[in-house]
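Novice: If it helps, the file is called upload_29.txt and holds compact mmCIF, C-alpha atoms:
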```txt
# COMPACT_ATOMS: atom_id res chain seq x y z
CA MET A 590 18.60 -12.63 18.04
CA ASP A 591 19.96 -9.34 16.71
CA THR A 592 18.93 -9.72 13.06
CA LEU A 593 15.98 -11.37 11.36
CA THR A 594 15.64 -11.94 7.61
CA LEU A 595 12.18 -12.55 6.20
CA PRO A 596 10.38 -12.46 2.85
CA ARG A 597 9.60 -8.91 1.86
CA PRO A 598 6.30 -8.34 3.68
CA ASP A 599 2.89 -7.53 2.28
CA ASP A 600 0.23 -5.42 3.97
CA TRP A 601 -3.15 -7.11 3.72
CA HIS A 602 -5.11 -4.07 4.93
CA LEU A 603 -3.97 -0.61 3.85
CA HIS A 604 -5.59 2.80 3.35
CA LEU A 605 -3.89 5.07 0.81
CA ARG A 606 -6.67 7.68 0.50
CA ASP A 607 -6.57 9.80 -2.68
CA GLY A 608 -5.35 13.11 -4.06
CA ALA A 609 -2.47 14.95 -2.40
CA LEU A 610 -2.58 12.77 0.71
CA MET A 611 -2.28 9.60 -1.34
CA GLN A 612 0.59 11.04 -3.35
CA ALA A 613 2.46 11.65 -0.09
CA VAL A 614 1.81 8.34 1.69
CA ALA A 615 1.88 5.86 -1.20
CA PRO A 616 5.70 6.06 -1.57
CA GLN A 617 6.06 5.43 2.17
CA ALA A 618 3.93 2.28 1.95
CA ALA A 619 5.77 1.13 -1.17
CA ALA A 620 9.09 1.47 0.64
CA ALA A 621 7.87 -0.83 3.41
CA PHE A 622 5.81 -3.45 1.57
CA ALA A 623 5.86 -5.38 -1.69
CA ARG A 624 2.08 -5.61 -2.11
CA ALA A 625 -0.95 -4.34 -0.26
CA ILE A 626 -4.70 -4.88 -0.23
CA ILE A 627 -6.00 -1.37 -0.87
CA MET A 628 -9.13 -0.29 0.96
CA PRO A 629 -11.97 1.11 -1.20
CA ASN A 630 -13.53 3.59 1.27
CA LEU A 631 -12.80 6.72 -0.71
CA LYS A 632 -15.40 9.42 -1.07
CA PRO A 633 -17.23 8.37 -3.18
CA PRO A 634 -16.34 4.71 -2.56
CA VAL A 635 -14.79 2.35 -5.11
CA THR A 636 -17.77 0.16 -6.03
CA THR A 637 -16.99 -0.98 -9.59
CA VAL A 638 -14.10 -2.60 -11.41
CA ALA A 639 -13.74 0.46 -13.62
CA GLU A 640 -13.36 2.69 -10.54
CA ALA A 641 -10.85 0.25 -9.01
CA ALA A 642 -8.78 0.25 -12.21
CA ALA A 643 -8.74 4.06 -12.31
CA TYR A 644 -7.74 4.25 -8.63
CA ARG A 645 -4.97 1.72 -9.26
CA GLN A 646 -3.55 3.94 -12.00
CA ARG A 647 -3.57 6.94 -9.66
CA ILE A 648 -1.61 4.89 -7.13
CA PHE A 649 0.97 3.89 -9.73
CA ALA A 650 1.32 7.53 -10.75
CA ALA A 651 2.13 8.45 -7.14
CA LEU A 652 4.95 5.91 -6.77
CA PRO A 653 8.62 6.75 -7.33
CA GLU A 654 10.18 5.69 -10.59
CA GLY A 655 11.32 2.08 -10.48
CA SER A 656 9.00 1.05 -7.63
CA SER A 657 7.81 -2.56 -7.82
CA PHE A 658 4.97 -2.05 -5.32
CA GLU A 659 1.77 -3.83 -6.39
CA PRO A 660 -1.61 -2.50 -5.22
CA LEU A 661 -4.18 -5.29 -4.88
CA MET A 662 -7.56 -3.67 -5.39
CA THR A 663 -10.88 -4.25 -3.63
CA LEU A 664 -14.50 -3.27 -4.16
CA TYR A 665 -16.74 -1.61 -1.60
CA LEU A 666 -19.82 -3.77 -0.95
CA THR A 667 -23.15 -1.94 -0.90
CA ASP A 668 -26.75 -3.07 -0.55
CA ASN A 669 -26.97 -2.81 -4.36
CA THR A 670 -23.72 -4.40 -5.59
CA PRO A 671 -24.81 -6.69 -8.46
CA PRO A 672 -23.48 -10.27 -8.82
CA ALA A 673 -22.27 -9.33 -12.31
CA GLU A 674 -19.74 -6.95 -10.74
CA VAL A 675 -18.20 -9.92 -8.94
CA GLU A 676 -17.77 -11.69 -12.26
CA ARG A 677 -16.15 -8.57 -13.75
CA ALA A 678 -13.87 -8.31 -10.71
CA VAL A 679 -12.57 -11.84 -11.07
CA ALA A 680 -12.12 -11.49 -14.82
CA SER A 681 -10.15 -8.24 -14.36
CA GLY A 682 -7.28 -9.86 -12.46
CA LEU A 683 -6.95 -6.55 -10.57
CA VAL A 684 -9.58 -6.99 -7.86
CA HIS A 685 -8.67 -9.48 -5.15
CA ALA A 686 -11.49 -9.07 -2.62
CA VAL A 687 -14.69 -7.25 -1.67
CA LYS A 688 -14.88 -5.18 1.51
CA LEU A 689 -17.82 -5.11 3.90
CA TYR A 690 -18.29 -1.98 5.95
CA PRO A 691 -21.39 -2.00 8.12
CA ALA A 692 -23.02 1.37 7.53
CA GLY A 693 -21.61 3.98 9.91
CA ALA A 694 -18.82 1.80 11.34
CA THR A 695 -15.78 3.92 10.44
CA THR A 696 -14.34 6.52 8.05
CA HIS A 697 -16.42 6.90 4.86
CA SER A 698 -18.68 3.97 5.69
CA ASP A 699 -21.95 5.82 5.10
CA ALA A 700 -22.58 3.84 1.92
CA GLY A 701 -21.94 0.54 3.69
CA VAL A 702 -24.24 -2.45 4.00
CA THR A 703 -27.41 -2.04 6.06
CA ASP A 704 -28.46 -5.73 5.93
CA LEU A 705 -26.39 -8.61 4.57
CA LEU A 706 -29.53 -10.39 3.43
CA LEU A 707 -29.75 -7.74 0.71
CA CYS A 708 -26.37 -8.99 -0.56
CA TYR A 709 -27.25 -12.69 -0.68
CA ASP A 710 -26.93 -13.15 -4.45
CA THR A 711 -23.69 -11.15 -4.60
CA LEU A 712 -22.16 -13.16 -1.77
CA ALA A 713 -23.25 -16.36 -3.52
CA ALA A 714 -21.41 -15.17 -6.63
CA MET A 715 -18.32 -14.55 -4.50
CA GLU A 716 -18.59 -18.14 -3.23
CA ASP A 717 -18.78 -19.44 -6.78
CA HIS A 718 -15.74 -17.44 -7.90
CA GLY A 719 -13.63 -17.78 -4.74
CA LEU A 720 -13.45 -14.02 -4.15
CA PRO A 721 -12.85 -13.29 -0.45
CA LEU A 722 -15.01 -11.02 1.69
CA LEU A 723 -13.01 -8.69 3.93
CA ILE A 724 -14.97 -7.64 7.00
CA HIS A 725 -14.93 -4.66 9.30
CA GLY A 726 -16.54 -6.69 12.05
CA GLU A 727 -18.62 -4.32 14.15
CA ARG A 728 -22.31 -3.91 14.79
CA THR A 729 -23.26 -0.27 14.87
CA ASP A 730 -26.58 -0.28 16.73
CA PRO A 731 -26.91 3.05 18.58
CA GLY A 732 -27.61 1.36 21.91
CA LEU A 733 -24.66 -1.04 21.75
CA ASP A 734 -21.59 -0.34 23.89
CA ILE A 735 -18.73 0.60 21.56
CA PHE A 736 -16.43 -1.90 23.28
CA GLU A 737 -18.90 -4.73 22.54
CA ARG A 738 -19.34 -4.07 18.82
CA GLU A 739 -16.98 -6.78 17.54
CA ALA A 740 -18.24 -9.54 19.83
CA ALA A 741 -21.84 -8.69 18.92
CA PHE A 742 -20.98 -8.73 15.20
CA ILE A 743 -19.39 -12.18 15.50
CA ASP A 744 -22.41 -13.69 17.25
CA ASP A 745 -25.19 -11.90 15.39
CA VAL A 746 -23.78 -11.40 11.89
CA LEU A 747 -20.58 -13.31 11.11
CA LEU A 748 -21.50 -16.78 12.34
CA PRO A 749 -24.90 -16.72 10.59
CA LEU A 750 -23.14 -15.44 7.44
CA LEU A 751 -20.75 -18.37 7.47
CA ASP A 752 -23.68 -20.77 7.91
CA ARG A 753 -25.62 -19.21 4.99
CA HIS A 754 -22.59 -19.22 2.68
CA PRO A 755 -20.60 -22.39 3.43
CA ARG A 756 -18.02 -21.80 0.68
CA LEU A 757 -17.41 -18.09 1.28
CA ARG A 758 -13.84 -17.17 2.17
CA VAL A 759 -13.70 -14.48 4.84
CA VAL A 760 -11.04 -12.29 6.46
CA LEU A 761 -11.99 -10.71 9.77
CA GLU A 762 -9.85 -7.61 9.61
CA HIS A 763 -8.17 -5.72 12.47
CA VAL A 764 -9.25 -8.31 15.04
CA SER A 765 -9.63 -6.46 18.33
CA THR A 766 -11.12 -8.85 20.90
CA ALA A 767 -10.35 -12.16 22.56
CA ALA A 768 -13.52 -13.53 20.94
CA GLY A 769 -12.26 -12.55 17.49
CA ALA A 770 -8.82 -14.00 18.16
CA GLU A 771 -10.33 -17.32 19.23
CA LEU A 772 -12.53 -17.45 16.14
CA VAL A 773 -9.84 -16.80 13.52
CA THR A 774 -7.41 -19.27 15.11
CA GLY A 775 -9.97 -22.05 14.91
CA ASP A 776 -10.08 -24.86 12.36
CA ASP A 777 -12.36 -23.28 9.72
CA PRO A 778 -10.21 -23.15 6.57
CA ARG A 779 -12.41 -20.40 5.07
CA LEU A 780 -11.67 -17.93 7.83
CA ALA A 781 -8.56 -15.77 8.32
CA GLY A 782 -7.71 -12.72 10.43
CA THR A 783 -5.46 -9.68 10.20
CA PHE A 784 -3.87 -7.97 13.18
CA THR A 785 -2.71 -4.35 13.47
CA PRO A 786 0.33 -3.11 15.39
CA GLN A 787 -1.81 -0.87 17.59
CA HIS A 788 -4.08 -3.70 18.74
CA LEU A 789 -1.06 -5.89 19.56
CA LEU A 790 0.80 -3.17 21.48
CA TYR A 791 -1.84 -1.01 23.17
CA SER A 792 -5.00 -1.32 25.23
CA ARG A 793 -7.72 1.20 25.98
CA ASN A 794 -5.73 2.41 28.99
CA ASP A 795 -3.04 3.57 26.57
CA LEU A 796 -5.74 5.41 24.65
CA LEU A 797 -7.58 7.07 27.53
CA VAL A 798 -5.59 7.27 30.76
CA GLY A 799 -4.15 10.74 31.27
CA GLY A 800 -6.24 12.18 28.45
CA LEU A 801 -7.13 10.99 24.97
CA SER A 802 -4.15 9.94 22.83
CA PRO A 803 -5.61 10.87 19.42
CA HIS A 804 -3.02 9.06 17.33
CA ARG A 805 -3.95 5.76 19.01
CA TYR A 806 -7.64 6.25 18.28
CA CYS A 807 -8.93 3.86 15.65
CA MET A 808 -11.94 1.73 14.79
CA PRO A 809 -12.37 -0.87 16.13
CA VAL A 810 -11.38 1.00 19.26
CA LEU A 811 -8.63 -0.45 21.47
CA LYS A 812 -10.01 -2.90 24.01
CA ARG A 813 -9.13 -4.31 27.44
CA GLU A 814 -5.62 -5.48 28.34
CA SER A 815 -6.95 -9.05 28.45
CA ASP A 816 -8.07 -8.64 24.83
CA ARG A 817 -4.66 -7.27 23.83
CA GLU A 818 -2.97 -10.27 25.43
CA ALA A 819 -5.28 -12.66 23.56
CA LEU A 820 -4.59 -10.86 20.26
CA LEU A 821 -0.85 -11.05 20.78
CA ALA A 822 -1.07 -14.75 21.61
CA ALA A 823 -3.09 -15.38 18.44
CA ALA A 824 -0.88 -13.32 16.14
CA THR A 825 2.29 -15.00 17.42
CA SER A 826 0.82 -18.51 17.62
CA GLY A 827 2.10 -19.69 14.26
CA HIS A 828 -1.47 -20.28 13.04
CA PRO A 829 -1.37 -20.35 9.22
CA ARG A 830 -4.34 -18.05 8.64
CA VAL A 831 -3.34 -15.03 10.70
CA PHE A 832 -1.29 -12.36 8.98
CA LEU A 833 -0.14 -8.77 8.84
CA GLY A 834 -2.68 -6.05 8.12
CA THR A 835 -1.69 -2.66 9.44
CA ASP A 836 -4.97 -0.83 8.78
CA SER A 837 -2.59 2.12 8.37
CA ALA A 838 -5.01 5.01 7.92
CA PRO A 839 -3.55 8.48 7.43
CA HIS A 840 -5.46 11.61 8.39
CA PRO A 841 -4.22 15.21 8.32
CA ARG A 842 -2.91 16.22 11.73
CA SER A 843 -5.75 18.73 12.16
CA ALA A 844 -8.33 15.93 11.72
CA LYS A 845 -6.71 13.84 14.45
CA GLU A 846 -5.93 16.64 16.90
CA SER A 847 -9.41 18.12 16.86
CA GLY A 848 -12.62 18.28 18.81
CA CYS A 849 -13.90 15.30 16.78
CA CYS A 850 -10.88 13.05 16.42
CA ALA A 851 -10.79 11.07 13.16
CA ALA A 852 -10.44 7.30 13.59
CA GLY A 853 -7.26 5.73 12.24
CA CYS A 854 -3.61 5.09 13.11
CA TYR A 855 -0.88 5.86 10.59
CA SER A 856 1.80 3.18 10.81
CA SER A 857 3.13 2.24 7.35
CA PRO A 858 6.66 3.67 7.66
CA VAL A 859 7.38 2.00 11.03
CA ALA A 860 4.97 -0.94 11.00
CA LEU A 861 7.48 -3.75 10.62
CA ALA A 862 9.54 -2.49 13.56
CA LEU A 863 6.36 -2.22 15.65
CA TYR A 864 5.43 -5.80 14.82
CA ALA A 865 8.95 -6.94 15.69
CA GLU A 866 8.59 -5.27 19.08
CA ALA A 867 5.30 -7.07 19.70
CA PHE A 868 6.57 -10.46 18.58
CA GLU A 869 9.73 -10.11 20.65
CA ALA A 870 7.66 -9.24 23.73
CA ALA A 871 5.78 -12.51 23.19
CA GLY A 872 9.01 -14.49 22.78
CA ALA A 873 8.03 -15.39 19.22
CA LEU A 874 10.29 -13.33 16.98
CA GLU A 875 11.05 -16.37 14.85
CA ARG A 876 7.37 -16.51 13.83
CA LEU A 877 7.28 -13.01 12.38
CA ALA A 878 8.45 -14.21 8.94
CA ASP A 879 5.36 -16.40 8.45
CA PHE A 880 3.00 -13.75 9.84
CA ALA A 881 4.45 -10.94 7.70
CA GLY A 882 5.57 -12.73 4.56
CA ARG A 883 4.03 -16.18 4.05
CA ASN A 884 0.56 -16.67 5.55
CA GLY A 885 -1.14 -13.87 3.61
CA PRO A 886 0.05 -14.98 0.16
CA ALA A 887 -0.99 -18.55 0.97
CA PHE A 888 -4.55 -17.49 1.83
CA TYR A 889 -4.88 -15.27 -1.25
CA GLY A 890 -3.28 -17.82 -3.58
CA LEU A 891 -0.36 -15.57 -4.49
CA PRO A 892 3.37 -16.35 -4.59
CA ILE A 893 5.60 -15.49 -1.67
CA ASN A 894 7.80 -12.52 -2.50
CA GLY A 895 11.25 -13.52 -3.72
CA GLU A 896 12.98 -10.50 -2.22
CA THR A 897 13.87 -10.41 1.46
CA VAL A 898 14.30 -7.72 4.10
CA THR A 899 16.44 -7.84 7.22
CA LEU A 900 15.42 -6.40 10.54
CA GLU A 901 18.23 -5.44 12.88
CA ARG A 902 18.23 -4.62 16.55
CA ALA A 903 19.04 -0.91 16.53
CA ALA A 904 17.38 2.17 17.98
CA GLN A 905 15.13 4.05 15.57
CA GLU A 906 13.70 7.46 16.36
CA VAL A 907 10.18 7.83 15.01
CA PRO A 908 9.61 11.22 13.35
CA SER A 909 7.04 13.53 14.90
CA ALA A 910 5.31 13.70 11.50
CA TYR A 911 5.59 12.66 7.86
CA PRO A 912 4.64 14.62 4.73
CA GLY A 913 0.94 14.26 4.06
CA GLY A 914 0.18 16.47 1.11
CA GLU A 915 -1.53 19.63 2.32
CA GLU A 916 -0.50 19.07 5.95
CA PRO A 917 1.54 16.50 7.90
CA VAL A 918 0.39 13.11 9.12
CA VAL A 919 1.46 11.91 12.56
CA PRO A 920 2.55 8.26 12.87
CA LEU A 921 2.00 5.76 15.61
CA ARG A 922 4.72 6.18 18.27
CA ALA A 923 5.52 9.69 16.98
CA GLY A 924 8.58 11.15 18.70
CA GLY A 925 9.34 7.83 20.41
CA THR A 926 11.98 5.18 19.93
CA LEU A 927 11.77 1.71 18.43
CA GLY A 928 14.24 -1.05 19.16
CA TRP A 929 14.21 -2.50 15.63
CA ARG A 930 14.67 -1.09 12.15
CA VAL A 931 14.83 -2.36 8.60
CA ARG A 932 18.43 -2.61 7.44
CA GLN A 933 19.00 -0.42 4.43
CA PRO A 934 20.78 -1.94 1.41
```
Could the structure of this file be written out as structure tokens, please?
Specialist:
Amino acid sequence: MDTLTLPRPDDWHLHLRDGALMQAVAPQAAAAFARAIIMPNLKPPVTTVAEAAAYRQRIFAALPEGSSFEPLMTLYLTDNTPPAEVERAVASGLVHAVKLYPAGATTHSDAGVTDLLLCYDTLAAMEDHGLPLLIHGERTDPGLDIFEREAAFIDDVLLPLLDRHPRLRVVLEHVSTAAGAELVTGDDPRLAGTFTPQHLLYSRNDLLVGGLSPHRYCMPVLKRESDREALLAAATSGHPRVFLGTDSAPHPRSAKESGCCAAGCYSSPVALALYAEAFEAAGALERLADFAGRNGPAFYGLPINGETVTLERAAQEVPSAYPGGEEPVVPLRAGGTLGWRVRQP
């Protein structure tokens, strides 16, 4: 197979940041995807519908003239998010989900949830209105091994959450373990999972052996090779509730290549080629169209994009950096070569 045509893909987990950085990276995301679920972990976070609407307008202002890219907004769940904000979110038509960050789990998560029991009434309102909860699935207890955070979250937090809220629709984002892959490919129709290119292509050896590779450092951190293999098998399985979510997270180069490396991989401009590489390695290239273009819209109740894109087998050199506002951002696979590229019209 030397070409593959698929519905124009959506990114169901995307960070665009704000300010000059957002103005630089938003056009790159819009060139690659038709729609994207936009993460709300700005500083300060996007916690209300009014803030989400204002952020959405800033994104539109950063896009090139004629762009049809649609940002799908989310709210940042806090211990104090009122149920009435859920009702406003659904009525707005702009907010498509609420995001759970356990406090301290990743970039700008300081305002995250400390105890989900504090959010019981808000989660009940989300059940009533069908608004999905998007989860960064890690426990952050100081004594817990960083490689065990996702598995501990599933056992101690996620499964009890699903029991307490039997109608709540949940997306476990950036699944990073075999345990997470098994869970989201089960038979619970409420539960879906997104998979990033870095978790499908790399393991913790690729992150750590020979010195830290800062542009592969993300949260959840890359796991064992056996986890990577399980993730790839799940993503390429054809399961209807697994779909593309890059977790593309730009940081200025100085924040990544520093004594305290910022967590996040920037992948938007080359993500589809990276996914093609992963799916081809699994012998499942024909399943990429559902993963990238059909399963996500089905879960969110949105139409499949009418436009298509064609991937072609051709070498693509990945730039060493992309414009990032005040300083460059370095992409995943910077300076390397990809075997697939999106055919230009």
Novice: Of the candidates A:Thr663, A:Asn884, A:Gln933, A:Ser909, which shows the shortest atom-to-atom distance to Pro829 in chain A, using all atoms listed in the file?
Specialist: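 Going through A:Thr663, A:Asn884, A:Gln933, A:Ser909 one by one, the smallest distance to Pro829 in chain A is for A:Asn884.
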Novice: Report the distance between CA of Gly655 in chain A and CA of Lys632 in chain A in Å, rounded to one decimal place.
Specialist: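 Interatomic distance, CA of Gly655 in chain A to CA of Lys632 in chain A: 29.3 Å.
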Novice: Between A:Arg793, A:Arg597, A:Arg817, A:Arg902, which one has atoms that come closest to His763 in chain A, using all atoms listed in the file?
Specialist: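 Answer, going by the shortest atom-to-atom distance: A:Arg817.
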Novice: Excluding Ala770 in chain A and residues on its chain fewer than 6 positions from it, collect all residues at most 7 Å away from it, counting only C-alpha atoms, and give them as a PyMOL selection string.
Specialist: chain A and resi 764+819-820+823
Novice: Which residue, A:Val687, A:Ala692, A:Ala615, A:Ala620, has the smallest gap to Leu652 in chain A when you use all atoms listed in the file?
Specialist: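 That would be A:Ala615, the residue with the smallest distance to Leu652 in chain A.
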Novice: Applying 8 Å and all atoms listed in the file, which residues near Gln612 in chain A remain after dropping the ones on its own chain fewer than 2 positions away? List them as an MDAnalysis selection string.
Specialist: chainID A and resid 607:610 614:616 648 651:652 914
Novice: Once 8 Å is added on each side, what centre and edge lengths in Å to one decimal does the axis-aligned box around all listed atoms of range 652-667 of chain A have, as AutoDock Vina command-line options?
Specialist:
```
--center_x -5.9 --center_y 0.7 --center_z -5.7 --size_x 50.5 --size_y 28.0 --size_z 25.7
```
Novice: Would you pick out the contacts of Gln905 in chain A at 10 Å or less, using only C-alpha atoms, so that residues sharing its chain but fewer than 6 positions from it are not included, and give the list as a PyMOL selection string?
Specialist: chain A and resi 859+862+925-931
Novice: Just how far from CA of Ala860 in chain A is CA of Ala824 in chain A, in Å to one decimal?
Specialist: 14.6 Å
Novice: Measuring atom to atom with only C-alpha atoms, identify which of A:Gly848, A:Gly853, A:Pro731, A:Gly885 is nearest to Val760 in chain A.
Specialist: A:Gly885
Novice: Name the closest residue to Asp599 in chain A among the candidates A:Leu750, A:Ala878, A:Ala852, A:Leu833; distances are taken between atoms, counting all atoms listed in the file.
Specialist: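 Of the candidates, the smallest distance to Asp599 in chain A is held by A:Leu833.
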Novice: Using only C-alpha atoms, can you tell me which of A:Gln787, A:Asn894, A:Ser681, A:Thr774 comes closest to Ala822 in chain A?
Specialist: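 Between A:Gln787, A:Asn894, A:Ser681, A:Thr774, the residue approaching Ala822 in chain A most closely is A:Thr774.
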Novice: Neighbours of Met808 in chain A within 12 Å (only C-alpha atoms; same-chain residues fewer than 5 positions away dropped), as a VMD selection string?
Specialist: chain A and resid 690 693 to 696 698 725 to 729 735 to 736 738 to 739 762 to 765 785 787 to 788 793 836 to 838 850 to 854
Novice: Selected residues, C-alpha atoms, written as a compact mmCIF listing (two decimals), in the frame of the given file, please.
Specialist:
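What follows is the written file part.txt:
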```
# COMPACT_ATOMS: atom_id res chain seq x y z
CA TYR A 690 -18.29 -1.98 5.95
CA GLY A 693 -21.61 3.98 9.91
CA ALA A 694 -18.82 1.80 11.34
CA THR A 695 -15.78 3.92 10.44
CA THR A 696 -14.34 6.52 8.05
CA SER A 698 -18.68 3.97 5.69
CA HIS A 725 -14.93 -4.66 9.30
CA GLY A 726 -16.54 -6.69 12.05
CA GLU A 727 -18.62 -4.32 14.15
CA ARG A 728 -22.31 -3.91 14.79
CA THR A 729 -23.26 -0.27 14.87
CA ILE A 735 -18.73 0.60 21.56
CA PHE A 736 -16.43 -1.90 23.28
CA ARG A 738 -19.34 -4.07 18.82
CA GLU A 739 -16.98 -6.78 17.54
CA GLU A 762 -9.85 -7.61 9.61
CA HIS A 763 -8.17 -5.72 12.47
CA VAL A 764 -9.25 -8.31 15.04
CA SER A 765 -9.63 -6.46 18.33
CA THR A 785 -2.71 -4.35 13.47
CA GLN A 787 -1.81 -0.87 17.59
CA HIS A 788 -4.08 -3.70 18.74
CA ARG A 793 -7.72 1.20 25.98
CA ASP A 836 -4.97 -0.83 8.78
CA SER A 837 -2.59 2.12 8.37
CA ALA A 838 -5.01 5.01 7.92
CA CYS A 850 -10.88 13.05 16.42
CA ALA A 851 -10.79 11.07 13.16
CA ALA A 852 -10.44 7.30 13.59
CA GLY A 853 -7.26 5.73 12.24
CA CYS A 854 -3.61 5.09 13.11
```
Novice: One number please: CA of Ala623 in chain A to CA of Phe658 in chain A, in Å, one decimal.
Specialist: 5.0 Å
Novice: From the block I gave, I'd like range 723-747 of chain A written with N, CA and C atoms, as a PDB file, in the first residue's frame.
Specialist:
```
ATOM      1  N   LEU A 723     -13.003  13.953  30.437  1.00  0.00           N
ATOM      2  CA  LEU A 723     -11.710  13.570  29.873  1.00  0.00           C
ATOM      3  C   LEU A 723     -10.704  13.493  31.012  1.00  0.00           C
ATOM      4  N   ILE A 724      -9.968  12.391  31.086  1.00  0.00           N
ATOM      5  CA  ILE A 724      -9.178  12.127  32.284  1.00  0.00           C
ATOM      6  C   ILE A 724      -7.695  12.017  31.972  1.00  0.00           C
ATOM      7  N   HIS A 725      -6.907  12.799  32.697  1.00  0.00           N
ATOM      8  CA  HIS A 725      -5.468  12.539  32.814  1.00  0.00           C
ATOM      9  C   HIS A 725      -5.343  11.531  33.951  1.00  0.00           C
ATOM     10  N   GLY A 726      -5.152  10.273  33.594  1.00  0.00           N
ATOM     11  CA  GLY A 726      -5.297   9.180  34.546  1.00  0.00           C
ATOM     12  C   GLY A 726      -4.028   8.826  35.291  1.00  0.00           C
ATOM     13  N   GLU A 727      -3.636   9.665  36.249  1.00  0.00           N
ATOM     14  CA  GLU A 727      -2.489   9.352  37.086  1.00  0.00           C
ATOM     15  C   GLU A 727      -2.764   9.746  38.526  1.00  0.00           C
ATOM     16  N   ARG A 728      -2.395   8.865  39.443  1.00  0.00           N
ATOM     17  CA  ARG A 728      -2.334   9.254  40.850  1.00  0.00           C
ATOM     18  C   ARG A 728      -1.007   9.959  41.091  1.00  0.00           C
ATOM     19  N   THR A 729      -1.014  10.916  41.967  1.00  0.00           N
ATOM     20  CA  THR A 729       0.183  11.740  42.156  1.00  0.00           C
ATOM     21  C   THR A 729       0.726  11.674  43.580  1.00  0.00           C
ATOM     22  N   ASP A 730       0.411  10.612  44.297  1.00  0.00           N
ATOM     23  CA  ASP A 730       0.927  10.462  45.658  1.00  0.00           C
ATOM     24  C   ASP A 730       2.445  10.522  45.649  1.00  0.00           C
ATOM     25  N   PRO A 731       3.057  11.283  46.546  1.00  0.00           N
ATOM     26  CA  PRO A 731       4.518  11.448  46.534  1.00  0.00           C
ATOM     27  C   PRO A 731       5.290  10.144  46.623  1.00  0.00           C
ATOM     28  N   GLY A 732       4.752   9.145  47.321  1.00  0.00           N
ATOM     29  CA  GLY A 732       5.472   7.888  47.478  1.00  0.00           C
ATOM     30  C   GLY A 732       5.261   6.884  46.371  1.00  0.00           C
ATOM     31  N   LEU A 733       4.438   7.229  45.377  1.00  0.00           N
ATOM     32  CA  LEU A 733       4.105   6.283  44.311  1.00  0.00           C
ATOM     33  C   LEU A 733       5.112   6.363  43.177  1.00  0.00           C
ATOM     34  N   ASP A 734       5.613   5.215  42.731  1.00  0.00           N
ATOM     35  CA  ASP A 734       6.543   5.153  41.605  1.00  0.00           C
ATOM     36  C   ASP A 734       5.900   5.808  40.380  1.00  0.00           C
ATOM     37  N   ILE A 735       6.630   6.680  39.706  1.00  0.00           N
ATOM     38  CA  ILE A 735       6.064   7.427  38.585  1.00  0.00           C
ATOM     39  C   ILE A 735       5.590   6.506  37.457  1.00  0.00           C
ATOM     40  N   PHE A 736       6.220   5.331  37.335  1.00  0.00           N
ATOM     41  CA  PHE A 736       5.811   4.404  36.285  1.00  0.00           C
ATOM     42  C   PHE A 736       4.542   3.631  36.652  1.00  0.00           C
ATOM     43  N   GLU A 737       4.092   3.744  37.897  1.00  0.00           N
ATOM     44  CA  GLU A 737       2.903   3.030  38.357  1.00  0.00           C
ATOM     45  C   GLU A 737       1.685   3.940  38.507  1.00  0.00           C
ATOM     46  N   ARG A 738       1.834   5.210  38.145  1.00  0.00           N
ATOM     47  CA  ARG A 738       0.767   6.173  38.403  1.00  0.00           C
ATOM     48  C   ARG A 738      -0.535   5.827  37.677  1.00  0.00           C
ATOM     49  N   GLU A 739      -0.440   5.431  36.400  1.00  0.00           N
ATOM     50  CA  GLU A 739      -1.672   5.171  35.647  1.00  0.00           C
ATOM     51  C   GLU A 739      -2.385   3.935  36.177  1.00  0.00           C
ATOM     52  N   ALA A 740      -1.655   2.861  36.406  1.00  0.00           N
ATOM     53  CA  ALA A 740      -2.279   1.633  36.906  1.00  0.00           C
ATOM     54  C   ALA A 740      -2.941   1.879  38.260  1.00  0.00           C
ATOM     55  N   ALA A 741      -2.278   2.652  39.125  1.00  0.00           N
ATOM     56  CA  ALA A 741      -2.858   2.958  40.434  1.00  0.00           C
ATOM     57  C   ALA A 741      -4.119   3.802  40.281  1.00  0.00           C
ATOM     58  N   PHE A 742      -4.118   4.751  39.350  1.00  0.00           N
ATOM     59  CA  PHE A 742      -5.288   5.587  39.123  1.00  0.00           C
ATOM     60  C   PHE A 742      -6.467   4.735  38.655  1.00  0.00           C
ATOM     61  N   ILE A 743      -6.210   3.808  37.759  1.00  0.00           N
ATOM     62  CA  ILE A 743      -7.297   2.952  37.256  1.00  0.00           C
ATOM     63  C   ILE A 743      -7.935   2.181  38.400  1.00  0.00           C
ATOM     64  N   ASP A 744      -7.121   1.538  39.221  1.00  0.00           N
ATOM     65  CA  ASP A 744      -7.655   0.706  40.300  1.00  0.00           C
ATOM     66  C   ASP A 744      -8.298   1.534  41.410  1.00  0.00           C
ATOM     67  N   ASP A 745      -7.665   2.626  41.792  1.00  0.00           N
ATOM     68  CA  ASP A 745      -8.076   3.350  42.993  1.00  0.00           C
ATOM     69  C   ASP A 745      -9.056   4.483  42.730  1.00  0.00           C
ATOM     70  N   VAL A 746      -9.076   5.006  41.505  1.00  0.00           N
ATOM     71  CA  VAL A 746      -9.894   6.187  41.216  1.00  0.00           C
ATOM     72  C   VAL A 746     -10.889   5.930  40.092  1.00  0.00           C
ATOM     73  N   LEU A 747     -10.418   5.442  38.946  1.00  0.00           N
ATOM     74  CA  LEU A 747     -11.290   5.357  37.776  1.00  0.00           C
ATOM     75  C   LEU A 747     -12.386   4.306  37.939  1.00  0.00           C
TER      76      LEU A 747
END
```
